[in-house]
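For reference, structure.cif (mmCIF, C-alpha atoms):
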```
data_input
loop_
_atom_site.group_PDB
_atom_site.id
_atom_site.type_symbol
_atom_site.label_atom_id
_atom_site.label_comp_id
_atom_site.auth_asym_id
_atom_site.auth_seq_id
_atom_site.Cartn_x
_atom_site.Cartn_y
_atom_site.Cartn_z
ATOM 1 C CA MET M 1 156.015 167.529 159.238
ATOM 2 C CA PRO M 2 154.599 166.025 162.439
ATOM 3 C CA THR M 3 156.440 162.853 163.479
ATOM 4 C CA PHE M 4 156.175 160.167 166.136
ATOM 5 C CA TYR M 5 158.345 162.252 168.464
ATOM 6 C CA GLU M 6 157.094 165.765 167.677
ATOM 7 C CA ALA M 7 153.728 167.435 167.002
ATOM 8 C CA GLU M 8 152.507 170.670 165.451
ATOM 9 C CA ILE M 9 149.973 172.780 167.342
ATOM 10 C CA LEU M 10 147.826 175.246 165.409
ATOM 11 C CA ALA M 11 144.910 176.779 167.342
ATOM 12 C CA VAL M 12 142.366 179.308 166.129
ATOM 13 C CA THR M 13 139.849 180.924 168.474
ATOM 14 C CA HIS M 14 136.653 182.567 167.233
ATOM 15 C CA PRO M 15 136.968 186.384 167.543
ATOM 16 C CA GLU M 16 133.945 186.559 169.872
ATOM 17 C CA GLN M 17 135.446 183.935 172.195
ATOM 18 C CA ARG M 18 138.950 185.330 172.591
ATOM 19 C CA LEU M 19 140.460 186.360 175.956
ATOM 20 C CA LYS M 20 138.222 183.845 177.737
ATOM 21 C CA GLY M 21 140.819 181.129 178.309
ATOM 22 C CA CYS M 22 139.781 178.945 175.341
ATOM 23 C CA PHE M 23 143.334 178.585 174.027
ATOM 24 C CA LYS M 24 144.700 177.608 177.445
ATOM 25 C CA LYS M 25 142.083 174.865 177.740
ATOM 26 C CA LEU M 26 142.816 173.607 174.232
ATOM 27 C CA LEU M 27 146.545 173.598 174.920
ATOM 28 C CA LYS M 28 146.015 171.736 178.204
ATOM 29 C CA LEU M 29 144.050 169.051 176.350
ATOM 30 C CA ALA M 30 146.709 168.882 173.623
ATOM 31 C CA LYS M 31 149.399 168.473 176.282
ATOM 32 C CA GLU M 32 147.526 165.621 177.995
ATOM 33 C CA THR M 33 146.908 163.887 174.682
ATOM 34 C CA LEU M 34 150.499 164.154 173.490
ATOM 35 C CA LEU M 35 152.095 163.150 176.790
ATOM 36 C CA SER M 36 149.818 160.098 176.942
ATOM 37 C CA VAL M 37 151.582 158.758 173.832
ATOM 38 C CA GLY M 38 155.068 159.842 174.870
ATOM 39 C CA ILE M 39 155.391 163.078 172.866
ATOM 40 C CA ASN M 40 156.727 166.112 174.745
ATOM 41 C CA ARG M 41 158.127 168.183 171.858
ATOM 42 C CA PHE M 42 155.979 170.346 169.663
ATOM 43 C CA LEU M 43 155.969 173.216 167.191
ATOM 44 C CA LEU M 44 153.736 176.241 167.734
ATOM 45 C CA VAL M 45 152.514 177.708 164.436
ATOM 46 C CA VAL M 46 152.302 181.512 164.623
ATOM 47 C CA GLU M 47 151.602 184.232 162.065
ATOM 48 C CA PRO M 48 154.209 187.004 162.448
ATOM 49 C CA LYS M 49 151.512 189.704 162.179
ATOM 50 C CA SER M 50 149.265 188.094 164.797
ATOM 51 C CA LYS M 51 149.190 190.099 168.045
ATOM 52 C CA SER M 52 147.462 187.272 169.874
ATOM 53 C CA GLY M 53 150.058 184.826 168.573
ATOM 54 C CA ALA M 54 152.848 187.041 169.896
ATOM 55 C CA GLY M 55 151.037 187.133 173.227
ATOM 56 C CA VAL M 56 150.879 183.350 173.406
ATOM 57 C CA LEU M 57 154.616 183.078 172.738
ATOM 58 C CA LYS M 58 155.320 185.119 175.875
ATOM 59 C CA ASN M 59 153.954 182.189 177.885
ATOM 60 C CA PHE M 60 156.598 179.879 176.410
ATOM 61 C CA GLU M 61 159.997 181.044 177.565
ATOM 62 C CA CYS M 62 161.608 177.982 175.970
ATOM 63 C CA ALA M 63 160.119 178.744 172.523
ATOM 64 C CA LYS M 64 162.763 179.167 169.826
ATOM 65 C CA LEU M 65 162.126 180.044 166.188
ATOM 66 C CA ASP M 66 162.742 176.865 164.214
ATOM 67 C CA HIS M 67 161.805 177.858 160.673
ATOM 68 C CA SER M 68 159.367 179.881 158.587
ATOM 69 C CA GLU M 69 157.053 178.768 155.815
ATOM 70 C CA TYR M 70 155.995 180.947 152.904
ATOM 71 C CA LYS M 71 153.092 180.798 150.503
ATOM 72 C CA MET M 72 154.289 182.388 147.266
ATOM 73 C CA SER M 73 152.564 183.221 144.005
ATOM 74 C CA HIS M 74 153.289 184.347 140.452
ATOM 75 C CA ASN M 75 150.626 186.104 138.369
ATOM 76 C CA GLY M 76 152.527 186.215 135.092
ATOM 77 C CA LEU M 77 152.422 190.004 134.775
ATOM 78 C CA LYS M 78 156.125 190.077 133.991
ATOM 79 C CA THR M 79 157.531 188.577 130.798
ATOM 80 C CA LEU M 80 158.548 184.994 131.457
ATOM 81 C CA PRO M 81 162.118 183.992 130.511
ATOM 82 C CA GLN M 82 162.550 181.270 127.935
ATOM 83 C CA TYR M 83 163.806 177.795 128.747
ATOM 84 C CA SER M 84 166.001 176.125 126.140
ATOM 85 C CA ASP M 85 168.153 173.206 127.316
ATOM 86 C CA LEU M 86 165.464 170.875 128.665
ATOM 87 C CA GLN M 87 162.685 168.737 127.265
ATOM 88 C CA PHE M 88 159.510 168.070 129.286
ATOM 89 C CA PHE M 89 157.309 164.978 129.345
ATOM 90 C CA GLU M 90 153.996 164.504 131.111
ATOM 91 C CA VAL M 91 153.952 161.500 133.430
ATOM 92 C CA ASN M 92 152.025 158.482 132.097
ATOM 93 C CA ASN M 93 151.954 154.723 132.595
ATOM 94 C CA GLN M 94 154.909 154.254 130.245
ATOM 95 C CA ASN M 95 157.330 156.575 132.052
ATOM 96 C CA LYS M 96 156.015 156.504 135.627
ATOM 97 C CA GLU M 97 158.952 154.371 136.827
ATOM 98 C CA ILE M 98 161.350 157.055 135.587
ATOM 99 C CA PHE M 99 159.287 159.653 137.463
ATOM 100 C CA ALA M 100 159.321 157.466 140.599
ATOM 101 C CA GLU M 101 163.087 156.907 140.464
ATOM 102 C CA SER M 102 163.796 160.617 139.974
ATOM 103 C CA THR M 103 161.407 161.526 142.808
ATOM 104 C CA ARG M 104 163.175 159.096 145.166
ATOM 105 C CA ASP M 105 166.488 160.757 144.364
ATOM 106 C CA VAL M 106 165.130 164.275 144.823
ATOM 107 C CA PHE M 107 163.160 163.509 148.001
ATOM 108 C CA PRO M 108 164.910 160.582 149.740
ATOM 109 C CA ASP M 109 162.904 161.106 152.962
ATOM 110 C CA LEU M 110 159.559 160.941 151.188
ATOM 111 C CA GLU M 111 157.618 157.754 151.841
ATOM 112 C CA GLU M 112 157.285 155.993 148.504
ATOM 113 C CA SER M 113 153.781 155.338 147.232
ATOM 114 C CA ASN M 114 152.782 154.043 143.821
ATOM 115 C CA ASN M 115 149.245 155.236 144.558
ATOM 116 C CA PHE M 116 150.549 158.800 144.570
ATOM 117 C CA ILE M 117 151.846 158.479 141.006
ATOM 118 C CA ASP M 118 148.773 156.583 139.794
ATOM 119 C CA THR M 119 146.589 159.371 141.207
ATOM 120 C CA ILE M 120 148.578 161.977 139.286
ATOM 121 C CA ILE M 121 148.139 160.010 136.056
ATOM 122 C CA SER M 122 144.409 159.331 136.487
ATOM 123 C CA SER M 123 143.258 162.656 137.934
ATOM 124 C CA LYS M 124 142.110 165.453 135.635
ATOM 125 C CA TYR M 125 143.104 167.945 138.326
ATOM 126 C CA ARG M 126 146.771 166.888 138.557
ATOM 127 C CA LYS M 127 149.735 166.593 136.222
ATOM 128 C CA GLY M 128 153.272 165.425 136.798
ATOM 129 C CA TYR M 129 156.259 166.224 134.591
ATOM 130 C CA ILE M 130 159.735 164.838 134.007
ATOM 131 C CA SER M 131 162.393 167.219 132.713
ATOM 132 C CA CYS M 132 165.179 165.745 130.595
ATOM 133 C CA LYS M 133 168.497 166.882 129.167
ATOM 134 C CA ASP M 134 169.425 164.962 126.009
ATOM 135 C CA GLY M 135 167.074 162.168 127.055
ATOM 136 C CA ILE M 136 168.435 161.918 130.623
ATOM 137 C CA PRO M 137 165.967 162.701 133.467
ATOM 138 C CA VAL M 138 167.226 165.662 135.507
ATOM 139 C CA GLY M 139 164.153 166.809 137.464
ATOM 140 C CA VAL M 140 160.462 166.481 138.329
ATOM 141 C CA PHE M 141 157.518 168.644 139.339
ATOM 142 C CA THR M 142 153.769 168.307 139.812
ATOM 143 C CA PHE M 143 150.677 170.489 139.425
ATOM 144 C CA ASN M 144 147.397 170.443 141.290
ATOM 145 C CA TYR M 145 144.805 172.483 139.429
ATOM 146 C CA GLU M 146 142.680 174.046 142.155
ATOM 147 C CA GLU M 147 139.430 175.999 141.694
ATOM 148 C CA VAL M 148 141.170 179.341 141.236
ATOM 149 C CA ASP M 149 144.939 178.813 141.182
ATOM 150 C CA THR M 150 147.465 176.252 139.954
ATOM 151 C CA PHE M 151 149.400 174.759 142.873
ATOM 152 C CA LEU M 152 153.000 173.785 142.052
ATOM 153 C CA TYR M 153 154.731 171.202 144.249
ATOM 154 C CA GLY M 154 157.231 168.344 144.233
ATOM 155 C CA VAL M 155 159.782 170.498 142.417
ATOM 156 C CA GLY M 156 163.311 169.131 142.450
ATOM 157 C CA ILE M 157 166.458 168.420 140.463
ATOM 158 C CA VAL M 158 168.178 165.015 140.539
ATOM 159 C CA THR M 159 171.200 165.228 142.856
ATOM 160 C CA LYS M 160 174.044 164.969 140.328
ATOM 161 C CA TYR M 161 172.502 167.574 137.992
ATOM 162 C CA ARG M 162 172.092 170.355 140.545
ATOM 163 C CA GLY M 163 173.887 173.671 140.191
ATOM 164 C CA LYS M 164 173.641 173.711 136.384
ATOM 165 C CA GLY M 165 170.691 176.095 136.004
ATOM 166 C CA PHE M 166 168.174 173.346 135.280
ATOM 167 C CA GLY M 167 165.978 174.314 138.256
ATOM 168 C CA LYS M 168 165.354 177.790 136.879
ATOM 169 C CA GLN M 169 164.527 176.434 133.437
ATOM 170 C CA MET M 170 162.152 173.898 134.933
ATOM 171 C CA VAL M 171 160.315 176.505 137.021
ATOM 172 C CA GLU M 172 160.038 178.770 133.969
ATOM 173 C CA PHE M 173 158.400 175.951 132.021
ATOM 174 C CA ALA M 174 156.127 175.183 134.969
ATOM 175 C CA LEU M 175 155.034 178.821 135.071
ATOM 176 C CA THR M 176 154.221 178.816 131.372
ATOM 177 C CA GLU M 177 152.128 175.656 131.733
ATOM 178 C CA GLY M 178 150.466 176.696 134.984
ATOM 179 C CA LEU M 179 149.530 180.186 133.848
ATOM 180 C CA ALA M 180 147.929 178.700 130.738
ATOM 181 C CA LYS M 181 145.388 177.075 133.094
ATOM 182 C CA SER M 182 144.831 179.834 135.657
ATOM 183 C CA ASP M 183 145.661 183.426 136.510
ATOM 184 C CA LYS M 184 148.111 182.523 139.260
ATOM 185 C CA VAL M 185 150.630 179.801 140.153
ATOM 186 C CA VAL M 186 151.104 179.267 143.903
ATOM 187 C CA LEU M 187 153.488 177.149 145.981
ATOM 188 C CA ASP M 188 154.731 176.565 149.531
ATOM 189 C CA VAL M 189 158.388 176.713 150.567
ATOM 190 C CA ASP M 190 160.131 177.038 153.925
ATOM 191 C CA SER M 191 163.269 178.720 155.201
ATOM 192 C CA GLU M 192 164.965 175.344 155.649
ATOM 193 C CA ASN M 193 165.193 175.169 151.868
ATOM 194 C CA PRO M 194 166.932 178.477 151.033
ATOM 195 C CA THR M 195 168.034 177.270 147.586
ATOM 196 C CA ALA M 196 164.429 176.737 146.469
ATOM 197 C CA PHE M 197 163.233 179.918 148.186
ATOM 198 C CA HIS M 198 165.789 182.093 146.386
ATOM 199 C CA LEU M 199 165.131 180.282 143.088
ATOM 200 C CA TYR M 200 161.413 181.066 143.280
ATOM 201 C CA LYS M 201 162.137 184.716 144.105
ATOM 202 C CA LYS M 202 164.527 184.890 141.143
ATOM 203 C CA CYS M 203 161.769 183.514 138.913
ATOM 204 C CA GLY M 204 159.367 186.254 140.016
ATOM 205 C CA PHE M 205 157.365 184.626 142.824
ATOM 206 C CA LYS M 206 156.190 186.964 145.605
ATOM 207 C CA ILE M 207 155.451 186.135 149.254
ATOM 208 C CA ASP M 208 151.699 186.236 149.979
ATOM 209 C CA PHE M 209 151.645 184.704 153.447
ATOM 210 C CA GLN M 210 154.119 183.652 156.150
ATOM 211 C CA VAL M 211 153.899 181.488 159.251
ATOM 212 C CA ASP M 212 156.647 180.883 161.803
ATOM 213 C CA TYR M 213 157.257 177.621 163.652
ATOM 214 C CA TYR M 214 158.526 177.790 167.240
ATOM 215 C CA ARG M 215 159.994 174.680 168.872
ATOM 216 C CA CYS M 216 158.878 174.012 172.457
ATOM 217 C CA GLU M 217 158.734 171.238 175.059
ATOM 218 C CA PHE M 218 156.174 170.431 177.759
#
```
Could you render the structure from this file as structure tokens?
Amino acid sequence: MPTFYEAEILAVTHPEQRLKGCFKKLLKLAKETLLSVGINRFLLVVEPKSKSGAGVLKNFECAKLDHSEYKMSHNGLKTLPQYSDLQFFEVNNQNKEIFAESTRDVFPDLEESNNFIDTIISSKYRKGYISCKDGIPVGVFTFNYEEVDTFLYGVGIVTKYRGKGFGKQMVEFALTEGLAKSDKVVLDVDSENPTAFHLYKKCGFKIDFQVDYYRCEF
């Protein structure tokens, strides 16, 4: 995520305007803007299959691959495994504090916002879930029902219950619920979270799209 000390730069040039110096001018303006507020570190976002992106990287000798991000999907063509040990509860006004507490444990760096949870509860396009083992909250996840696909995010197991297979069961339930609403469940995950990445692959998710992030300095 962009921070107060680092920025992300993603530039797209219209096909008819490429090789005319547009990117260099945009980058020059980005550099001036960032340096004016004391930011000299940035991430270049590049698609691995982009020839023009590879060409740009040659101009940044200091660029080092920082991490990759993957868009993955599951279309439900394979038989979904059955979950058994967990119970699942949709987030509502009565249990939203339990959802909030579990989310804080799972994502300690996430800025807390009650509006986020209230939006999940009130929106017809979103749903949040708490997973429990014998009445004890062990994980959370959230759906955003988009026009075509179901977007799965905020997936995590409470710290002291990790490594017990609950993550796989939770994702299996999420797939069952998500595929009941649409033909495909999609999510984003990056290489800095190998546990989640390998879990999604184990559950049958396939990589649809990849972008690489290169760390640079002005």
Original post:
Which one is closest to Ala63 in chain M: M:Lys127, M:Lys202, M:Arg41, M:Lys168? Count all atoms listed in the file.
Top reply: M:Arg41
**OP:** Would you mind listing what lies within 12 Å of Tyr200 in chain M as a VMD selection string, with only C-alpha atoms counted and same-chain residues fewer than 2 positions away left out?
**Re:** chain M and resid 70 to 74 152 to 153 155 167 to 172 174 to 175 185 to 190 193 to 198 202 to 207
Keeping only C-alpha atoms, write those residues as a short mmCIF file (atom, residue, chain, number, x, y, z; two decimals), in the coordinates of the input.
```cif
data_model
loop_
_atom_site.label_atom_id
_atom_site.label_comp_id
_atom_site.auth_asym_id
_atom_site.auth_seq_id
_atom_site.Cartn_x
_atom_site.Cartn_y
_atom_site.Cartn_z
CA TYR M 70 156.00 180.95 152.90
CA LYS M 71 153.09 180.80 150.50
CA MET M 72 154.29 182.39 147.27
CA SER M 73 152.56 183.22 144.00
CA HIS M 74 153.29 184.35 140.45
CA LEU M 152 153.00 173.78 142.05
CA TYR M 153 154.73 171.20 144.25
CA VAL M 155 159.78 170.50 142.42
CA GLY M 167 165.98 174.31 138.26
CA LYS M 168 165.35 177.79 136.88
CA GLN M 169 164.53 176.43 133.44
CA MET M 170 162.15 173.90 134.93
CA VAL M 171 160.32 176.50 137.02
CA GLU M 172 160.04 178.77 133.97
CA ALA M 174 156.13 175.18 134.97
CA LEU M 175 155.03 178.82 135.07
CA VAL M 185 150.63 179.80 140.15
CA VAL M 186 151.10 179.27 143.90
CA LEU M 187 153.49 177.15 145.98
CA ASP M 188 154.73 176.56 149.53
CA VAL M 189 158.39 176.71 150.57
CA ASP M 190 160.13 177.04 153.93
CA ASN M 193 165.19 175.17 151.87
CA PRO M 194 166.93 178.48 151.03
CA THR M 195 168.03 177.27 147.59
CA ALA M 196 164.43 176.74 146.47
CA PHE M 197 163.23 179.92 148.19
CA HIS M 198 165.79 182.09 146.39
CA LYS M 202 164.53 184.89 141.14
CA CYS M 203 161.77 183.51 138.91
CA GLY M 204 159.37 186.25 140.02
CA PHE M 205 157.36 184.63 142.82
CA LYS M 206 156.19 186.96 145.60
CA ILE M 207 155.45 186.14 149.25
#
```
What lies within 6 Å of range 95-110 of chain M using all atoms listed in the file, ignoring chain neighbours under 3 positions off, as an mmCIF file with C-alpha atoms, in the coordinates of the input?
```cif
data_model
loop_
_atom_site.group_PDB
_atom_site.id
_atom_site.type_symbol
_atom_site.label_atom_id
_atom_site.label_comp_id
_atom_site.auth_asym_id
_atom_site.auth_seq_id
_atom_site.Cartn_x
_atom_site.Cartn_y
_atom_site.Cartn_z
ATOM 1 C CA VAL M 91 153.952 161.500 133.430
ATOM 2 C CA ASN M 92 152.025 158.482 132.097
ATOM 3 C CA GLY M 156 163.311 169.131 142.450
ATOM 4 C CA VAL M 158 168.178 165.015 140.539
#
```
Original post:
Taking into account all atoms listed in the file, which residue in the set M:Leu35, M:Phe218, M:Glu192, M:Arg18 is nearest to Leu65 in chain M?
Top reply: M:Glu192
**OP:** Could you tell me which residues the PyMOL selection byres ((chain M and resi 4-10) around 9) returns for this structure, as a PyMOL selection string?
**Re:** chain M and resi 1-3+11-12+27+30+34+38-46+213
Using 4 Å of padding on each side, determine the axis-aligned box around all atoms of range 185-195 of chain M present in the file and give its centre and edge lengths in Å to one decimal, as lines of an AutoDock Vina configuration file.
```
center_x = 159.3
center_y = 177.5
center_z = 147.9
size_x = 25.4
size_y = 12.6
size_z = 23.5
```
Subject >> For Asp212 in chain M, the nearest of the candidates M:Ala54, M:Ile136, M:Cys62, M:Leu199, counting only C-alpha atoms >> reply: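 Smallest distance to Asp212 in chain M is found for M:Ala54.
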Original post:
Can you list what the PyMOL selection byres ((chain M and resi 128) around 9) grabs from this structure, as a VMD selection string?
Top reply: chain M and resid 89 to 92 99 117 120 to 121 126 to 127 129 to 130 140 to 144 154
Original post:
Which is closest to Asp66 in chain M among M:His14, M:Lys201, M:Leu29, M:Ser191, if we use all atoms listed in the file?
Top reply: M:Ser191
Original post:
Out of M:Val148, M:Ser131, M:Glu177, M:Asp118, which residue has the shortest atom-to-atom distance to Tyr161 in chain M when counting all atoms listed in the file?
Top reply: M:Ser131
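Taking CA of Tyr125 in chain M and CA of Ala180 in chain M as endpoints, the distance between them is 14.0 Å.
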Subject >> Which of M:Val211, M:Val37, M:Leu86, M:Leu19 sits closest to Gly135 in chain M [using all atoms listed in the file] >> reply: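 Among the listed residues, M:Leu86 lies closest to Gly135 in chain M.
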Original post:
Between CA of Lys184 in chain M and CA of Ser50 in chain M, what is the spacing in Å?
Top reply: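 For CA of Ser50 in chain M relative to CA of Lys184 in chain M, the distance reads 26.2 Å.
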**OP:** Have a look at CA of Lys31 in chain M and CA of Phe209 in chain M and let me know their distance in Å, one decimal.
**Re:**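 Atom-to-atom, CA of Lys31 in chain M and CA of Phe209 in chain M are spaced 28.1 Å apart.
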With N, CA, C and O atoms as the target, complete range 116-138 of chain M and hand it back as a PDB file, keeping the file's coordinate frame.
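The resulting file, rebuild_9.pdb, is shown below:
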```pdb
ATOM      1  N   PHE M 116     150.350 157.370 144.802  1.00  0.00           N
ATOM      2  CA  PHE M 116     150.549 158.800 144.570  1.00  0.00           C
ATOM      3  C   PHE M 116     150.741 159.067 143.075  1.00  0.00           C
ATOM      4  O   PHE M 116     150.118 159.962 142.510  1.00  0.00           O
ATOM      5  N   ILE M 117     151.582 158.280 142.432  1.00  0.00           N
ATOM      6  CA  ILE M 117     151.846 158.479 141.006  1.00  0.00           C
ATOM      7  C   ILE M 117     150.629 158.098 140.169  1.00  0.00           C
ATOM      8  O   ILE M 117     150.277 158.786 139.209  1.00  0.00           O
ATOM      9  N   ASP M 118     149.967 156.999 140.535  1.00  0.00           N
ATOM     10  CA  ASP M 118     148.773 156.583 139.794  1.00  0.00           C
ATOM     11  C   ASP M 118     147.679 157.648 139.875  1.00  0.00           C
ATOM     12  O   ASP M 118     146.943 157.873 138.908  1.00  0.00           O
ATOM     13  N   THR M 119     147.579 158.308 141.047  1.00  0.00           N
ATOM     14  CA  THR M 119     146.589 159.371 141.207  1.00  0.00           C
ATOM     15  C   THR M 119     146.903 160.545 140.294  1.00  0.00           C
ATOM     16  O   THR M 119     146.002 161.150 139.690  1.00  0.00           O
ATOM     17  N   ILE M 120     148.177 160.882 140.183  1.00  0.00           N
ATOM     18  CA  ILE M 120     148.578 161.977 139.286  1.00  0.00           C
ATOM     19  C   ILE M 120     148.177 161.651 137.848  1.00  0.00           C
ATOM     20  O   ILE M 120     147.650 162.500 137.125  1.00  0.00           O
ATOM     21  N   ILE M 121     148.417 160.419 137.439  1.00  0.00           N
ATOM     22  CA  ILE M 121     148.139 160.010 136.056  1.00  0.00           C
ATOM     23  C   ILE M 121     146.640 159.997 135.767  1.00  0.00           C
ATOM     24  O   ILE M 121     146.187 160.436 134.708  1.00  0.00           O
ATOM     25  N   SER M 122     145.841 159.516 136.731  1.00  0.00           N
ATOM     26  CA  SER M 122     144.409 159.331 136.487  1.00  0.00           C
ATOM     27  C   SER M 122     143.566 160.577 136.744  1.00  0.00           C
ATOM     28  O   SER M 122     142.468 160.704 136.203  1.00  0.00           O
ATOM     29  N   SER M 123     144.060 161.501 137.554  1.00  0.00           N
ATOM     30  CA  SER M 123     143.258 162.656 137.934  1.00  0.00           C
ATOM     31  C   SER M 123     143.301 163.747 136.861  1.00  0.00           C
ATOM     32  O   SER M 123     144.359 164.079 136.326  1.00  0.00           O
ATOM     33  N   LYS M 124     142.152 164.346 136.599  1.00  0.00           N
ATOM     34  CA  LYS M 124     142.110 165.453 135.635  1.00  0.00           C
ATOM     35  C   LYS M 124     142.537 166.764 136.291  1.00  0.00           C
ATOM     36  O   LYS M 124     142.690 167.781 135.604  1.00  0.00           O
ATOM     37  N   TYR M 125     142.705 166.743 137.606  1.00  0.00           N
ATOM     38  CA  TYR M 125     143.104 167.945 138.326  1.00  0.00           C
ATOM     39  C   TYR M 125     144.595 167.969 138.659  1.00  0.00           C
ATOM     40  O   TYR M 125     145.073 168.903 139.293  1.00  0.00           O
ATOM     41  N   ARG M 126     145.335 166.942 138.264  1.00  0.00           N
ATOM     42  CA  ARG M 126     146.771 166.888 138.557  1.00  0.00           C
ATOM     43  C   ARG M 126     147.560 166.514 137.311  1.00  0.00           C
ATOM     44  O   ARG M 126     147.054 165.816 136.428  1.00  0.00           O
ATOM     45  N   LYS M 127     148.807 166.985 137.283  1.00  0.00           N
ATOM     46  CA  LYS M 127     149.735 166.593 136.222  1.00  0.00           C
ATOM     47  C   LYS M 127     151.138 166.546 136.797  1.00  0.00           C
ATOM     48  O   LYS M 127     151.528 167.414 137.580  1.00  0.00           O
ATOM     49  N   GLY M 128     151.881 165.516 136.414  1.00  0.00           N
ATOM     50  CA  GLY M 128     153.272 165.425 136.798  1.00  0.00           C
ATOM     51  C   GLY M 128     154.146 165.520 135.560  1.00  0.00           C
ATOM     52  O   GLY M 128     153.729 165.118 134.456  1.00  0.00           O
ATOM     53  N   TYR M 129     155.355 166.062 135.729  1.00  0.00           N
ATOM     54  CA  TYR M 129     156.259 166.224 134.591  1.00  0.00           C
ATOM     55  C   TYR M 129     157.658 165.730 134.939  1.00  0.00           C
ATOM     56  O   TYR M 129     158.118 165.852 136.082  1.00  0.00           O
ATOM     57  N   ILE M 130     158.319 165.195 133.925  1.00  0.00           N
ATOM     58  CA  ILE M 130     159.735 164.838 134.007  1.00  0.00           C
ATOM     59  C   ILE M 130     160.484 165.788 133.080  1.00  0.00           C
ATOM     60  O   ILE M 130     160.072 165.990 131.932  1.00  0.00           O
ATOM     61  N   SER M 131     161.549 166.390 133.570  1.00  0.00           N
ATOM     62  CA  SER M 131     162.393 167.219 132.713  1.00  0.00           C
ATOM     63  C   SER M 131     163.644 166.437 132.344  1.00  0.00           C
ATOM     64  O   SER M 131     164.228 165.749 133.189  1.00  0.00           O
ATOM     65  N   CYS M 132     164.041 166.522 131.089  1.00  0.00           N
ATOM     66  CA  CYS M 132     165.179 165.745 130.595  1.00  0.00           C
ATOM     67  C   CYS M 132     166.170 166.636 129.848  1.00  0.00           C
ATOM     68  O   CYS M 132     165.789 167.628 129.221  1.00  0.00           O
ATOM     69  N   LYS M 133     167.421 166.251 129.927  1.00  0.00           N
ATOM     70  CA  LYS M 133     168.497 166.882 129.167  1.00  0.00           C
ATOM     71  C   LYS M 133     169.107 165.815 128.272  1.00  0.00           C
ATOM     72  O   LYS M 133     169.694 164.837 128.753  1.00  0.00           O
ATOM     73  N   ASP M 134     168.921 165.956 126.963  1.00  0.00           N
ATOM     74  CA  ASP M 134     169.425 164.962 126.009  1.00  0.00           C
ATOM     75  C   ASP M 134     168.944 163.554 126.360  1.00  0.00           C
ATOM     76  O   ASP M 134     169.693 162.581 126.301  1.00  0.00           O
ATOM     77  N   GLY M 135     167.678 163.466 126.762  1.00  0.00           N
ATOM     78  CA  GLY M 135     167.074 162.168 127.055  1.00  0.00           C
ATOM     79  C   GLY M 135     167.334 161.641 128.454  1.00  0.00           C
ATOM     80  O   GLY M 135     166.812 160.577 128.820  1.00  0.00           O
ATOM     81  N   ILE M 136     168.115 162.355 129.261  1.00  0.00           N
ATOM     82  CA  ILE M 136     168.435 161.918 130.623  1.00  0.00           C
ATOM     83  C   ILE M 136     167.570 162.695 131.613  1.00  0.00           C
ATOM     84  O   ILE M 136     167.563 163.936 131.590  1.00  0.00           O
ATOM     85  N   PRO M 137     166.813 162.008 132.492  1.00  0.00           N
ATOM     86  CA  PRO M 137     165.967 162.701 133.467  1.00  0.00           C
ATOM     87  C   PRO M 137     166.812 163.521 134.440  1.00  0.00           C
ATOM     88  O   PRO M 137     167.766 163.009 135.026  1.00  0.00           O
ATOM     89  N   VAL M 138     166.467 164.798 134.590  1.00  0.00           N
ATOM     90  CA  VAL M 138     167.226 165.662 135.507  1.00  0.00           C
ATOM     91  C   VAL M 138     166.343 166.285 136.582  1.00  0.00           C
ATOM     92  O   VAL M 138     166.851 166.866 137.545  1.00  0.00           O
TER      93      VAL M 138
END
```
